[in-house]
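Structure data follow from run.tsv (TSV, C-alpha atoms):
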chain	number	residue	atom	x	y	z
A	168	MET	CA	0.00	0.00	0.00
A	169	SER	CA	1.33	3.43	-0.97
A	170	SER	CA	1.89	6.04	1.71
A	171	GLN	CA	-0.73	8.72	2.37
A	172	PRO	CA	-0.48	11.66	-0.05
A	173	SER	CA	1.70	14.37	1.44
A	174	VAL	CA	0.97	17.38	-0.77
A	175	ASN	CA	-1.95	18.85	-2.75
A	176	ILE	CA	-1.20	20.17	-6.24
A	177	GLY	CA	-3.78	22.27	-8.06
A	178	MET	CA	-4.35	21.82	-11.79
A	179	VAL	CA	-5.49	25.24	-13.00
A	180	GLY	CA	-5.86	27.21	-16.23
A	181	HIS	CA	-8.23	28.25	-19.01
A	182	VAL	CA	-11.07	25.97	-20.11
A	183	ASP	CA	-10.08	23.23	-22.60
A	184	HIS	CA	-6.33	23.75	-22.19
A	185	GLY	CA	-5.91	20.13	-21.10
A	186	LYS	CA	-5.99	20.13	-17.29
A	187	SER	CA	-8.01	16.94	-16.92
A	188	THR	CA	-6.02	15.21	-19.69
A	189	LEU	CA	-2.77	16.15	-17.95
A	190	THR	CA	-4.14	14.90	-14.62
A	191	HIS	CA	-4.94	11.59	-16.33
A	192	ALA	CA	-1.45	11.41	-17.85
A	193	LEU	CA	0.15	12.00	-14.44
A	194	THR	CA	-2.10	9.66	-12.44
A	195	GLY	CA	-3.89	7.27	-14.79
A	196	ILE	CA	-7.20	8.48	-13.33
A	197	LYS	CA	-9.99	10.37	-15.10
A	198	THR	CA	-11.35	13.12	-12.84
A	199	ASP	CA	-14.33	14.11	-15.04
A	200	THR	CA	-16.78	11.49	-13.76
A	201	HIS	CA	-19.92	13.57	-13.18
A	202	SER	CA	-22.53	12.89	-15.90
A	203	GLU	CA	-22.75	16.55	-16.92
A	204	GLU	CA	-18.94	16.76	-17.11
A	205	ILE	CA	-18.83	13.79	-19.47
A	206	LYS	CA	-21.63	15.22	-21.63
A	207	ARG	CA	-20.13	18.74	-21.88
A	208	GLY	CA	-16.47	17.71	-21.92
A	209	ILE	CA	-15.45	20.16	-19.18
A	210	SER	CA	-14.76	19.97	-15.45
A	211	ILE	CA	-17.61	21.28	-13.30
A	212	LYS	CA	-16.75	20.02	-9.83
A	213	LEU	CA	-13.33	19.76	-8.21
A	214	GLY	CA	-11.71	16.52	-9.33
A	215	TYR	CA	-9.23	14.52	-7.28
A	216	ALA	CA	-6.57	12.00	-8.22
A	217	ASP	CA	-3.56	10.58	-6.36
A	218	THR	CA	-0.34	9.08	-7.67
A	219	THR	CA	2.89	7.79	-6.19
A	220	ILE	CA	6.04	9.28	-7.71
A	221	TYR	CA	8.99	6.93	-8.07
A	222	LYS	CA	12.61	7.94	-8.56
A	223	CYS	CA	14.87	5.77	-10.69
A	224	PRO	CA	18.48	5.99	-11.88
A	225	ASP	CA	18.52	7.26	-15.47
A	226	GLY	CA	21.68	5.42	-16.50
A	227	ASN	CA	23.72	8.61	-16.75
A	228	GLY	CA	24.34	9.17	-13.07
A	229	GLY	CA	21.15	11.18	-12.61
A	230	ILE	CA	17.60	10.57	-11.40
A	231	SER	CA	14.42	10.25	-13.44
A	232	TYR	CA	10.87	10.33	-12.09
A	233	GLY	CA	7.64	8.56	-13.02
A	234	ARG	CA	4.46	7.03	-11.64
A	235	ILE	CA	5.46	3.46	-12.54
A	236	MET	CA	8.34	1.60	-10.88
A	237	GLU	CA	10.45	0.54	-13.85
A	238	SER	CA	13.00	-1.67	-12.05
A	239	ASP	CA	13.99	-2.94	-8.62
A	240	GLN	CA	16.42	-0.01	-8.44
A	241	CYS	CA	13.50	2.44	-8.27
A	242	SER	CA	12.18	3.68	-4.94
A	243	GLU	CA	9.12	5.57	-3.78
A	244	SER	CA	9.68	9.33	-3.54
A	245	ARG	CA	6.25	10.40	-2.24
A	246	THR	CA	2.55	10.21	-3.01
A	247	VAL	CA	0.81	13.40	-4.15
A	248	SER	CA	-2.80	14.51	-4.68
A	249	PHE	CA	-3.97	16.53	-7.67
A	250	VAL	CA	-6.92	18.92	-7.41
A	251	ASP	CA	-8.35	19.39	-10.90
A	252	ALA	CA	-10.08	22.79	-10.91
A	253	PRO	CA	-12.64	23.82	-13.57
A	254	GLY	CA	-11.46	26.47	-16.03
A	255	HIS	CA	-14.80	27.76	-17.27
A	256	GLU	CA	-15.49	31.40	-16.38
A	257	THR	CA	-18.82	30.58	-14.70
A	258	LEU	CA	-17.07	28.20	-12.27
A	259	MET	CA	-14.47	30.59	-10.82
A	260	ALA	CA	-15.96	30.22	-7.33
A	261	THR	CA	-15.24	26.47	-7.48
A	262	MET	CA	-11.63	27.13	-8.50
A	263	LEU	CA	-11.17	29.67	-5.68
A	264	SER	CA	-12.54	27.31	-3.04
A	265	GLY	CA	-10.25	24.59	-4.36
A	266	SER	CA	-7.20	26.86	-4.17
A	267	SER	CA	-7.52	27.01	-0.38
A	268	ILE	CA	-6.47	23.34	-0.13
A	269	MET	CA	-3.63	23.56	-2.67
A	270	ASN	CA	-0.01	23.58	-1.50
A	271	GLY	CA	1.24	24.34	-4.99
A	272	ALA	CA	-0.14	24.43	-8.52
A	273	ILE	CA	0.41	23.50	-12.15
A	274	LEU	CA	-0.77	26.26	-14.50
A	275	VAL	CA	-1.70	24.65	-17.83
A	276	ILE	CA	-1.42	26.87	-20.92
A	277	ALA	CA	-2.26	25.53	-24.39
A	278	ALA	CA	0.33	26.21	-27.09
A	279	ASN	CA	-2.31	26.45	-29.83
A	280	GLU	CA	-3.95	29.59	-28.39
A	281	LYS	CA	-2.53	33.03	-27.78
A	282	CYS	CA	-1.39	33.60	-24.18
A	283	PRO	CA	-2.92	34.75	-21.93
A	284	GLN	CA	-6.52	33.65	-22.27
A	285	PRO	CA	-9.01	35.21	-19.77
A	286	GLN	CA	-9.07	32.38	-17.22
A	287	THR	CA	-5.30	31.86	-17.55
A	288	ARG	CA	-4.91	35.37	-16.17
A	289	GLU	CA	-7.72	34.93	-13.64
A	290	HIS	CA	-6.36	31.68	-12.23
A	291	LEU	CA	-2.82	33.03	-11.87
A	292	ILE	CA	-4.08	36.09	-10.01
A	293	ALA	CA	-6.27	33.83	-7.87
A	294	LEU	CA	-3.22	31.76	-6.90
A	295	GLU	CA	-1.38	34.95	-5.96
A	296	ILE	CA	-4.34	36.25	-3.95
A	297	MET	CA	-4.64	32.97	-2.05
A	298	GLY	CA	-0.91	33.01	-1.23
A	299	LYS	CA	0.24	30.13	-3.47
A	300	THR	CA	3.85	30.59	-4.57
A	301	GLU	CA	5.05	27.10	-5.61
A	302	ILE	CA	3.94	27.00	-9.24
A	303	ILE	CA	4.89	25.02	-12.35
A	304	VAL	CA	3.76	26.08	-15.84
A	305	VAL	CA	3.03	23.41	-18.45
A	306	GLN	CA	2.92	24.53	-22.09
A	307	ASN	CA	0.48	21.86	-23.25
A	308	LYS	CA	-0.62	20.70	-26.74
A	309	ILE	CA	2.78	21.26	-28.38
A	310	ASP	CA	1.85	18.41	-30.75
A	311	LEU	CA	-0.74	20.71	-32.37
A	312	VAL	CA	1.64	23.52	-33.40
A	313	THR	CA	4.79	24.02	-35.41
A	314	LYS	CA	8.18	24.45	-33.78
A	315	GLU	CA	8.10	28.16	-34.64
A	316	ARG	CA	4.66	28.64	-33.06
A	317	ALA	CA	5.72	26.70	-29.96
A	318	ILE	CA	8.68	29.06	-29.49
A	319	GLU	CA	6.45	32.09	-30.11
A	320	ASN	CA	3.93	30.81	-27.56
A	321	TYR	CA	6.71	30.13	-25.05
A	322	ASN	CA	7.80	33.76	-25.34
A	323	GLU	CA	4.18	34.88	-24.84
A	324	ILE	CA	4.04	32.79	-21.66
A	325	ARG	CA	7.28	34.25	-20.32
A	326	ALA	CA	6.09	37.79	-21.02
A	327	PHE	CA	2.77	37.03	-19.29
A	328	LEU	CA	4.48	35.60	-16.19
A	329	LYS	CA	6.85	38.55	-15.79
A	330	GLY	CA	6.19	40.44	-12.57
A	331	SER	CA	3.84	37.76	-11.24
A	332	VAL	CA	4.23	35.22	-8.45
A	333	ALA	CA	5.17	32.69	-11.19
A	334	GLU	CA	7.82	34.84	-12.88
A	335	ASN	CA	10.59	32.32	-12.12
A	336	ALA	CA	8.45	29.20	-12.48
A	337	PRO	CA	9.72	26.49	-14.85
A	338	VAL	CA	7.84	26.33	-18.17
A	339	ILE	CA	7.70	22.77	-19.49
A	340	PRO	CA	6.55	22.01	-23.06
A	341	ALA	CA	4.39	18.89	-23.10
A	342	SER	CA	1.63	16.93	-24.77
A	343	ALA	CA	-0.62	15.39	-22.15
A	344	TYR	CA	-2.57	13.53	-24.85
A	345	HIS	CA	0.57	11.79	-26.15
A	346	ASN	CA	2.37	11.53	-22.76
A	347	ILE	CA	5.26	13.70	-23.96
A	348	ASN	CA	7.52	15.17	-21.25
A	349	ILE	CA	5.45	13.75	-18.37
A	350	ASP	CA	8.72	12.67	-16.69
A	351	ALA	CA	9.97	16.29	-16.85
A	352	ILE	CA	6.77	17.45	-15.12
A	353	PHE	CA	7.27	14.90	-12.33
A	354	LYS	CA	10.84	16.13	-11.92
A	355	ALA	CA	9.62	19.75	-11.70
A	356	ILE	CA	7.06	18.73	-9.08
A	357	GLU	CA	9.75	17.09	-6.96
A	358	GLU	CA	12.07	20.11	-7.28
A	359	ASN	CA	9.55	22.95	-6.92
A	360	ILE	CA	6.56	21.88	-4.81
A	361	LYS	CA	7.65	20.91	-1.32
A	362	THR	CA	5.90	18.76	1.27
A	363	PRO	CA	4.50	21.01	4.04
A	364	VAL	CA	5.80	20.64	7.59
A	365	PHE	CA	3.51	18.52	9.75
A	366	ASP	CA	2.94	19.08	13.50
A	367	PRO	CA	0.69	16.35	15.00
A	368	SER	CA	0.43	18.13	18.36
A	369	VAL	CA	-1.80	21.03	17.25
A	370	ASP	CA	-5.60	20.86	17.13
A	371	PRO	CA	-6.76	19.45	13.80
A	372	MET	CA	-8.60	21.52	11.21
A	373	MET	CA	-9.91	20.28	7.88
A	374	TYR	CA	-11.51	22.20	4.99
A	375	ILE	CA	-14.46	20.37	3.43
A	376	ALA	CA	-14.43	20.63	-0.39
A	377	ARG	CA	-16.87	17.80	-1.24
A	378	SER	CA	-19.45	15.70	0.63
A	379	PHE	CA	-21.21	12.50	-0.36
A	380	ASP	CA	-23.87	9.94	0.29
A	381	VAL	CA	-22.06	6.74	-0.70
A	382	ASN	CA	-25.12	4.47	-0.33
A	383	ARG	CA	-26.60	3.05	-3.51
A	384	PRO	CA	-30.37	3.22	-4.07
A	385	GLY	CA	-32.08	0.24	-2.49
A	386	THR	CA	-29.47	-0.29	0.25
A	387	LYS	CA	-31.05	-2.00	3.26
A	388	PRO	CA	-31.22	0.17	6.41
A	389	LYS	CA	-28.88	-2.10	8.36
A	390	ASN	CA	-26.23	-1.68	5.66
A	391	LEU	CA	-26.44	2.11	5.33
A	392	LYS	CA	-23.20	4.04	5.82
A	393	GLY	CA	-22.95	7.49	7.34
A	394	GLY	CA	-22.20	10.61	5.35
A	395	VAL	CA	-18.69	11.15	3.94
A	396	LEU	CA	-16.78	14.45	4.02
A	397	GLY	CA	-14.02	15.05	1.49
A	398	GLY	CA	-11.31	17.68	1.69
A	399	SER	CA	-7.91	18.41	3.12
A	400	LEU	CA	-6.57	18.42	6.65
A	401	VAL	CA	-4.54	21.63	6.99
A	402	ARG	CA	-3.14	21.03	10.47
A	403	GLY	CA	-3.00	18.44	13.24
A	404	GLU	CA	-4.20	14.89	12.67
A	405	LEU	CA	-7.48	12.97	12.67
A	406	LYS	CA	-7.97	9.37	13.72
A	407	ILE	CA	-10.81	6.88	13.71
A	408	GLY	CA	-12.98	7.31	16.80
A	409	ASP	CA	-12.36	11.06	17.13
A	410	GLU	CA	-15.38	13.16	18.04
A	411	ILE	CA	-15.47	16.12	15.65
A	412	GLU	CA	-17.42	19.33	15.23
A	413	ILE	CA	-18.52	20.74	11.85
A	414	SER	CA	-18.97	24.49	11.46
A	415	PRO	CA	-21.07	26.15	10.13
A	416	GLY	CA	-23.37	23.25	10.79
A	417	ILE	CA	-26.99	23.21	9.61
A	418	GLN	CA	-29.82	25.69	9.63
A	419	ILE	CA	-32.74	24.74	11.89
A	420	THR	CA	-35.88	26.40	13.19
A	421	LYS	CA	-35.92	27.12	16.91
A	422	GLU	CA	-38.63	29.16	18.62
A	423	ASN	CA	-39.91	30.29	15.21
A	424	LYS	CA	-36.46	31.56	14.22
A	425	ASN	CA	-33.98	30.19	11.71
A	426	VAL	CA	-30.67	29.57	13.48
A	427	TRP	CA	-27.41	27.81	12.62
A	428	GLU	CA	-26.07	25.10	14.88
A	429	ASN	CA	-22.76	23.25	14.60
A	430	VAL	CA	-22.93	19.49	14.10
A	431	ILE	CA	-21.05	16.95	16.22
A	432	THR	CA	-20.29	13.49	14.87
A	433	GLU	CA	-17.72	10.69	15.09
A	434	VAL	CA	-15.02	9.62	12.62
A	435	THR	CA	-15.77	6.06	11.51
A	436	SER	CA	-13.34	5.69	8.60
A	437	LEU	CA	-10.48	7.51	6.89
A	438	MET	CA	-9.44	7.11	3.27
A	439	ALA	CA	-6.87	8.77	1.04
A	440	GLY	CA	-7.00	7.64	-2.56
A	441	LYS	CA	-8.08	3.99	-2.51
A	442	ASN	CA	-6.38	3.22	0.79
A	443	SER	CA	-7.81	3.19	4.32
A	444	TYR	CA	-5.93	4.58	7.31
A	445	ASP	CA	-6.31	4.62	11.09
A	446	ARG	CA	-5.18	8.25	11.15
A	447	ILE	CA	-4.42	10.96	8.59
A	448	ARG	CA	-2.07	13.93	8.56
A	449	PRO	CA	-2.04	17.12	6.46
A	450	GLY	CA	-0.83	17.32	2.89
A	451	GLY	CA	-3.19	15.17	0.86
A	452	LEU	CA	-6.85	14.84	0.10
A	453	ALA	CA	-8.93	12.59	2.31
A	454	ALA	CA	-12.43	11.20	2.78
A	455	VAL	CA	-13.75	11.14	6.34
A	456	GLY	CA	-16.53	8.67	7.08
A	457	THR	CA	-18.91	9.76	9.85
A	458	THR	CA	-22.08	8.78	11.71
A	459	LEU	CA	-23.96	11.65	10.04
A	460	ASP	CA	-27.28	11.03	8.33
A	461	PRO	CA	-26.15	10.73	4.67
A	462	PHE	CA	-29.00	13.07	3.71
A	463	LEU	CA	-26.93	15.90	5.24
A	464	THR	CA	-23.90	15.21	3.08
A	465	LYS	CA	-25.34	14.30	-0.32
A	466	ASN	CA	-24.70	16.46	-3.40
A	467	ASP	CA	-21.81	18.37	-1.79
A	468	SER	CA	-24.18	20.02	0.69
A	469	MET	CA	-21.42	20.25	3.36
A	470	THR	CA	-18.90	21.97	1.06
A	471	GLY	CA	-17.35	25.05	2.66
A	472	ARG	CA	-17.54	23.80	6.22
A	473	VAL	CA	-14.63	23.27	8.61
A	474	ILE	CA	-13.92	20.18	10.73
A	475	GLY	CA	-12.18	20.37	14.10
A	476	LYS	CA	-12.23	18.91	17.58
A	477	VAL	CA	-15.33	19.71	19.58
A	478	GLY	CA	-15.07	23.25	20.90
A	479	LYS	CA	-11.92	23.96	18.86
A	480	VAL	CA	-13.36	25.05	15.50
A	481	PRO	CA	-13.03	28.69	14.41
A	482	PRO	CA	-16.11	30.82	15.13
A	483	MET	CA	-19.11	31.04	12.81
A	484	ILE	CA	-19.45	34.60	11.51
A	485	PHE	CA	-22.38	36.44	9.95
A	486	ASN	CA	-20.80	39.91	9.84
A	487	ALA	CA	-17.22	40.97	9.24
A	488	THR	CA	-14.92	43.92	8.78
A	489	ILE	CA	-12.51	43.23	5.92
A	490	GLU	CA	-9.36	45.12	4.96
A	491	ILE	CA	-9.52	45.27	1.16
A	492	HIS	CA	-7.02	45.39	-1.70
A	493	LEU	CA	-8.67	45.95	-5.07
A	494	LEU	CA	-7.06	45.00	-8.36
A	495	ARG	CA	-6.59	47.66	-11.01
A	496	ARG	CA	-8.41	45.62	-13.66
A	497	VAL	CA	-11.23	43.11	-13.62
A	498	VAL	CA	-9.82	39.67	-14.43
A	499	GLY	CA	-11.50	36.84	-16.29
A	500	SER	CA	-13.15	38.86	-19.06
A	501	ALA	CA	-11.85	39.66	-22.50
A	502	GLU	CA	-12.47	43.39	-22.01
A	503	GLU	CA	-10.06	45.58	-20.02
A	504	THR	CA	-12.34	47.01	-17.32
A	505	ALA	CA	-11.10	49.12	-14.41
A	506	VAL	CA	-12.20	48.10	-10.91
A	507	SER	CA	-14.33	50.86	-9.40
A	508	PRO	CA	-14.45	51.41	-5.60
A	509	LEU	CA	-16.75	49.23	-3.54
A	510	ARG	CA	-20.10	50.77	-2.61
A	511	SER	CA	-22.54	50.48	0.28
A	512	LYS	CA	-25.50	48.18	-0.43
A	513	GLU	CA	-23.43	46.33	-3.06
A	514	SER	CA	-23.53	42.53	-3.16
A	515	LEU	CA	-20.16	40.74	-3.28
A	516	MET	CA	-19.11	37.11	-3.45
A	517	LEU	CA	-16.54	36.15	-0.83
A	518	THR	CA	-14.42	33.00	-0.81
A	519	VAL	CA	-13.06	32.03	2.62
A	520	GLY	CA	-11.30	28.68	2.75
A	521	THR	CA	-13.52	26.34	0.72
A	522	ALA	CA	-16.64	28.40	1.46
A	523	ASN	CA	-18.33	30.70	-1.05
A	524	THR	CA	-20.94	33.13	0.26
A	525	VAL	CA	-22.63	36.30	-0.87
A	526	GLY	CA	-22.63	39.35	1.37
A	527	LEU	CA	-24.15	42.85	1.39
A	528	VAL	CA	-21.78	45.76	2.03
A	529	THR	CA	-23.16	47.91	4.87
A	530	THR	CA	-20.25	50.35	5.06
A	531	ALA	CA	-17.64	50.98	2.37
A	532	ARG	CA	-14.36	52.83	2.88
A	533	SER	CA	-11.30	53.15	0.67
A	534	ASP	CA	-9.38	50.46	2.56
A	535	SER	CA	-12.05	48.38	4.30
A	536	ILE	CA	-15.67	47.29	4.24
A	537	GLU	CA	-18.22	46.07	6.71
A	538	ILE	CA	-20.33	43.28	5.27
A	539	THR	CA	-23.30	41.12	6.30
A	540	LEU	CA	-23.25	37.58	4.94
A	541	LYS	CA	-26.22	35.73	3.49
A	542	TYR	CA	-24.77	32.44	4.75
A	543	PRO	CA	-22.25	32.24	7.61
A	544	VAL	CA	-18.67	31.11	7.23
A	545	CYS	CA	-16.15	29.70	9.67
A	546	ALA	CA	-13.20	32.11	9.95
A	547	THR	CA	-10.87	34.02	12.25
A	548	PRO	CA	-9.19	37.45	12.03
A	549	GLY	CA	-6.29	37.35	9.58
A	550	ASP	CA	-7.89	34.84	7.21
A	551	ARG	CA	-7.51	35.65	3.50
A	552	VAL	CA	-10.67	36.42	1.49
A	553	ALA	CA	-11.13	36.57	-2.30
A	554	ILE	CA	-13.63	39.21	-3.45
A	555	GLY	CA	-15.85	38.91	-6.52
A	556	ARG	CA	-18.27	41.41	-8.09
A	557	ARG	CA	-21.24	40.74	-10.34
A	558	ILE	CA	-20.30	42.07	-13.81
A	559	ALA	CA	-22.37	41.25	-16.90
A	560	ASP	CA	-24.10	38.33	-15.16
A	561	ARG	CA	-20.79	36.79	-14.03
A	562	TRP	CA	-18.94	36.89	-10.73
A	563	ARG	CA	-15.57	38.43	-11.58
A	564	LEU	CA	-12.51	38.48	-9.34
A	565	ILE	CA	-11.80	42.12	-8.39
A	566	GLY	CA	-9.61	41.90	-5.29
A	567	TYR	CA	-8.85	40.29	-1.97
A	568	GLY	CA	-8.75	41.14	1.69
A	569	THR	CA	-8.15	39.92	5.22
A	570	ILE	CA	-10.72	39.57	7.94
A	571	ASP	CA	-10.02	42.28	10.50
A	572	SER	CA	-12.80	41.48	12.95
A	573	ALA	CA	-16.01	39.52	13.08
What does the file become when written as structure tokens?
Amino acid sequence: MSSQPSVNIGMVGHVDHGKSTLTHALTGIKTDTHSEEIKRGISIKLGYADTTIYKCPDGNGGISYGRIMESDQCSESRTVSFVDAPGHETLMATMLSGSSIMNGAILVIAANEKCPQPQTREHLIALEIMGKTEIIVVQNKIDLVTKERAIENYNEIRAFLKGSVAENAPVIPASAYHNINIDAIFKAIEENIKTPVFDPSVDPMMYIARSFDVNRPGTKPKNLKGGVLGGSLVRGELKIGDEIEISPGIQITKENKNVWENVITEVTSLMAGKNSYDRIRPGGLAAVGTTLDPFLTKNDSMTGRVIGKVGKVPPMIFNATIEIHLLRRVVGSAEETAVSPLRSKESLMLTVGTANTVGLVTTARSDSIEITLKYPVCATPGDRVAIGRRIADRWRLIGYGTIDSA
């Protein structure tokens, strides 16, 4: 059995630039499994796939890397998780929530289109906003262009990256469809995206990015399994038998009022990839089995919540003061549109951790806002927030901020 994944790597970039195909080339797993994804040929939900990277002598005194052990001289380097984020402009909120559980990222840019495309720019800025600095760039689909166009596109990519968080990132030409240069991508992963430091003594906290009812229709009551929570442990460790608290929990009616109450449950199983574990640590993606009624977890209904020990989860907030930093230009659209100041009574979309919520600005200043949230989030002062504005019927990324008080 392979070791638990130790790092999360985001697969980001413009729609149809080959993110899911590259994930398949690196892992052997197809992440587009939702029926609508298969029908439309694009990623809609966050996809997950794990692979173990092996290091082998290359015969010239060096080391090569791959996902298949080629000889008895090869050894396991580490197991990694890939988070395949959707590139379509209407799904930016999903990409932003996924970025909160990424330790590093692969930015996929197709060689057969001019760089940058709108979501190429938007995803790179999103990575910078969310504090992700360990980035690899893959110049995909080189099999579809001439040598001259590949060089021209490479220069476009370098010019685009200049001045950004990925200015010094390696740019690797590849064809995910034909498995060209996949070994070079593995090598870049090993050299540029490090395994985070793990401290088992701190209180655990996990971001929920997916949730499931794993029971098939017609399952007998005695065989029903509790709801499953998928996401990434960002600190501490979880083990089977732990009593955990989920925040924000569920909305209930009490004394003729709608209130939110946290949910307490027990960990019954832990899985990472296809393997089961007695305990998990940070760095990879995991599925936590619980005693929850599976009705509560079906269809990703628990996405955006936080798991922690009982009484140790961050507070649930409905109102917040946020220090803001607006971008000069709206990203994600083909037009160059300046970002105007935020206004009172304006609706904004906020991404905090894996949670997306809409809020109404009650007070707007040049450097901060006070906002009331439609749905609560679990957060503490200092947490990073991505800010989106409704522009031409789309939520567009316009800036970021930090929670000052709640």
Distance of atom CA of Asp460 of chain A from atom CA of Lys387 of chain A, expressed in Å to one decimal place: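 Between these atoms lies a distance of 14.5 Å.
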Skip Cys241 of chain A itself and residues of its chain fewer than 4 positions away, then list as a PyMOL selection string all residues within 7 Å of it, counting all atoms listed in the file. chain A and resi 221-223+236-237
Pairwise distance for atom CA of Pro340 of chain A and atom CA of Thr362 of chain A, rounded to one decimal in Å: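 Spanning atom CA of Pro340 of chain A to atom CA of Thr362 of chain A is a straight-line distance of 24.6 Å.
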Excluding Val369 of chain A and any residue of its chain fewer than 6 positions from it, enumerate the residues within 9 Å of it, using only C-alpha atoms, and give them as a ChimeraX atom specification. /A:402-404
Looking at A:Ala522, A:Met483, A:Ile268, A:Leu509, which one is nearest to Cys545 of chain A, with distances taken over all atoms listed in the file?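 The shortest atom-to-atom distance to Cys545 of chain A comes from A:Met483.
Across the model, the gap from atom CA of Gly271 of chain A to atom CA of Arg448 of chain A is 17.4 Å.
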List the spatial neighbours of Lys479 of chain A as a PDB file with C-alpha atoms, in the coordinates of the input - criterion: any atom at most 12 Å away, all atoms listed in the file, same-chain residues fewer than 3 positions off excluded.
ATOM      1  CA  VAL A 369      -1.800  21.030  17.250  1.00  0.00           C
ATOM      2  CA  ASP A 370      -5.600  20.860  17.130  1.00  0.00           C
ATOM      3  CA  PRO A 371      -6.760  19.450  13.800  1.00  0.00           C
ATOM      4  CA  MET A 372      -8.600  21.520  11.210  1.00  0.00           C
ATOM      5  CA  MET A 373      -9.910  20.280   7.880  1.00  0.00           C
ATOM      6  CA  GLY A 403      -3.000  18.440  13.240  1.00  0.00           C
ATOM      7  CA  GLU A 410     -15.380  13.160  18.040  1.00  0.00           C
ATOM      8  CA  ILE A 411     -15.470  16.120  15.650  1.00  0.00           C
ATOM      9  CA  GLU A 412     -17.420  19.330  15.230  1.00  0.00           C
ATOM     10  CA  ILE A 413     -18.520  20.740  11.850  1.00  0.00           C
ATOM     11  CA  SER A 414     -18.970  24.490  11.460  1.00  0.00           C
ATOM     12  CA  ASN A 429     -22.760  23.250  14.600  1.00  0.00           C
ATOM     13  CA  ILE A 431     -21.050  16.950  16.220  1.00  0.00           C
ATOM     14  CA  VAL A 473     -14.630  23.270   8.610  1.00  0.00           C
ATOM     15  CA  ILE A 474     -13.920  20.180  10.730  1.00  0.00           C
ATOM     16  CA  GLY A 475     -12.180  20.370  14.100  1.00  0.00           C
ATOM     17  CA  LYS A 476     -12.230  18.910  17.580  1.00  0.00           C
ATOM     18  CA  PRO A 482     -16.110  30.820  15.130  1.00  0.00           C
ATOM     19  CA  MET A 483     -19.110  31.040  12.810  1.00  0.00           C
ATOM     20  CA  CYS A 545     -16.150  29.700   9.670  1.00  0.00           C
TER      21      CYS A 545
END
Hey, what's within 6 Å of Lys512 of chain A if we count only C-alpha atoms and toss same-chain stuff fewer than 3 positions away? As a PDB file with C-alpha atoms, in the coordinates of the input, please?
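Output (selection38.pdb):
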ATOM      1  CA  LEU A 527     -24.150  42.850   1.390  1.00  0.00           C
ATOM      2  CA  VAL A 528     -21.780  45.760   2.030  1.00  0.00           C
ATOM      3  CA  THR A 529     -23.160  47.910   4.870  1.00  0.00           C
TER       4      THR A 529
END
What box, with edges along x, y and z, holds each listed atom of segment 481-492 of chain A when 8 Å is added on every side, and can you state its centre and edge lengths in Å to one decimal, as lines of an AutoDock Vina configuration file?
center_x = -14.7
center_y = 37.0
center_z = 6.7
size_x = 31.4
size_y = 32.7
size_z = 32.8
Residue with the minimum atom-to-atom distance to Asn359 of chain A, picked from A:Val304, A:Val426, A:Ile276, A:Ile309 with all atoms listed in the file counted, is A:Val304
Nearest to Lys354 of chain A: which of A:Ser244, A:Thr188, A:Thr194, A:Gln306 is it, counting all atoms listed in the file? A:Ser244
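The residue that comes closest to Ala453 of chain A, out of A:Arg234, A:Lys465, A:Arg496, A:Lys406 and on the basis of all atoms listed in the file, is A:Lys406.
Minimum distance to Gly398 of chain A across A:Leu193, A:Ala278, A:Ile489, A:Val250 (counting all atoms listed in the file) occurs at A:Val250.
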Could you give me, as a list in words, the residues within 12 Å of Tyr321 of chain A, counting all atoms listed in the file and dropping anything in the same chain fewer than 5 positions from it?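 Here the qualifying residues turn out to be Ile276, Ala277, Ala278, Asn279, Glu280, Lys281, Cys282, Pro283, Val304, Val305, Gln306, Asn307, Ile309, Val312, Lys314, Glu315, Arg316, Ala326, Phe327, Leu328, Pro337, Val338, Ile339, Pro340 and Ala341 of chain A.
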Against segment 553-570 of chain A, which residues of segment 390-490 of chain A fall within 8 Å? For each one I want the closest pair of atoms and the distance in Å (one decimal), counting all atoms listed in the file, rows by chain and increasing residue number, as a Markdown table.
| residue | atom | partner | partner_atom | distance |
| --- | --- | --- | --- | --- |
| A:Ala487 | CA | A:Ile570 | CA | 6.8 |
| A:Thr488 | CA | A:Ile570 | CA | 6.1 |
| A:Ile489 | CA | A:Ile570 | CA | 4.5 |
| A:Glu490 | CA | A:Gly568 | CA | 5.2 |
Nearest to Gly233 of chain A among A:Met469, A:Val480, A:Met269, A:Ile356, with distances taken over all atoms listed in the file: which residue is it?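 Among the listed residues, A:Ile356 lies closest to Gly233 of chain A.
Residues having any atom no farther than 9 Å from (-20.4, 11.7, 9.7) (counting all atoms listed in the file) are Gly393, Gly394, Val395, Leu396, Ile411, Ile431, Thr432, Glu433, Val434, Thr435, Val455, Gly456, Thr457, Thr458, Leu459, Asp460, Pro461, Leu463 and Thr464 of chain A.
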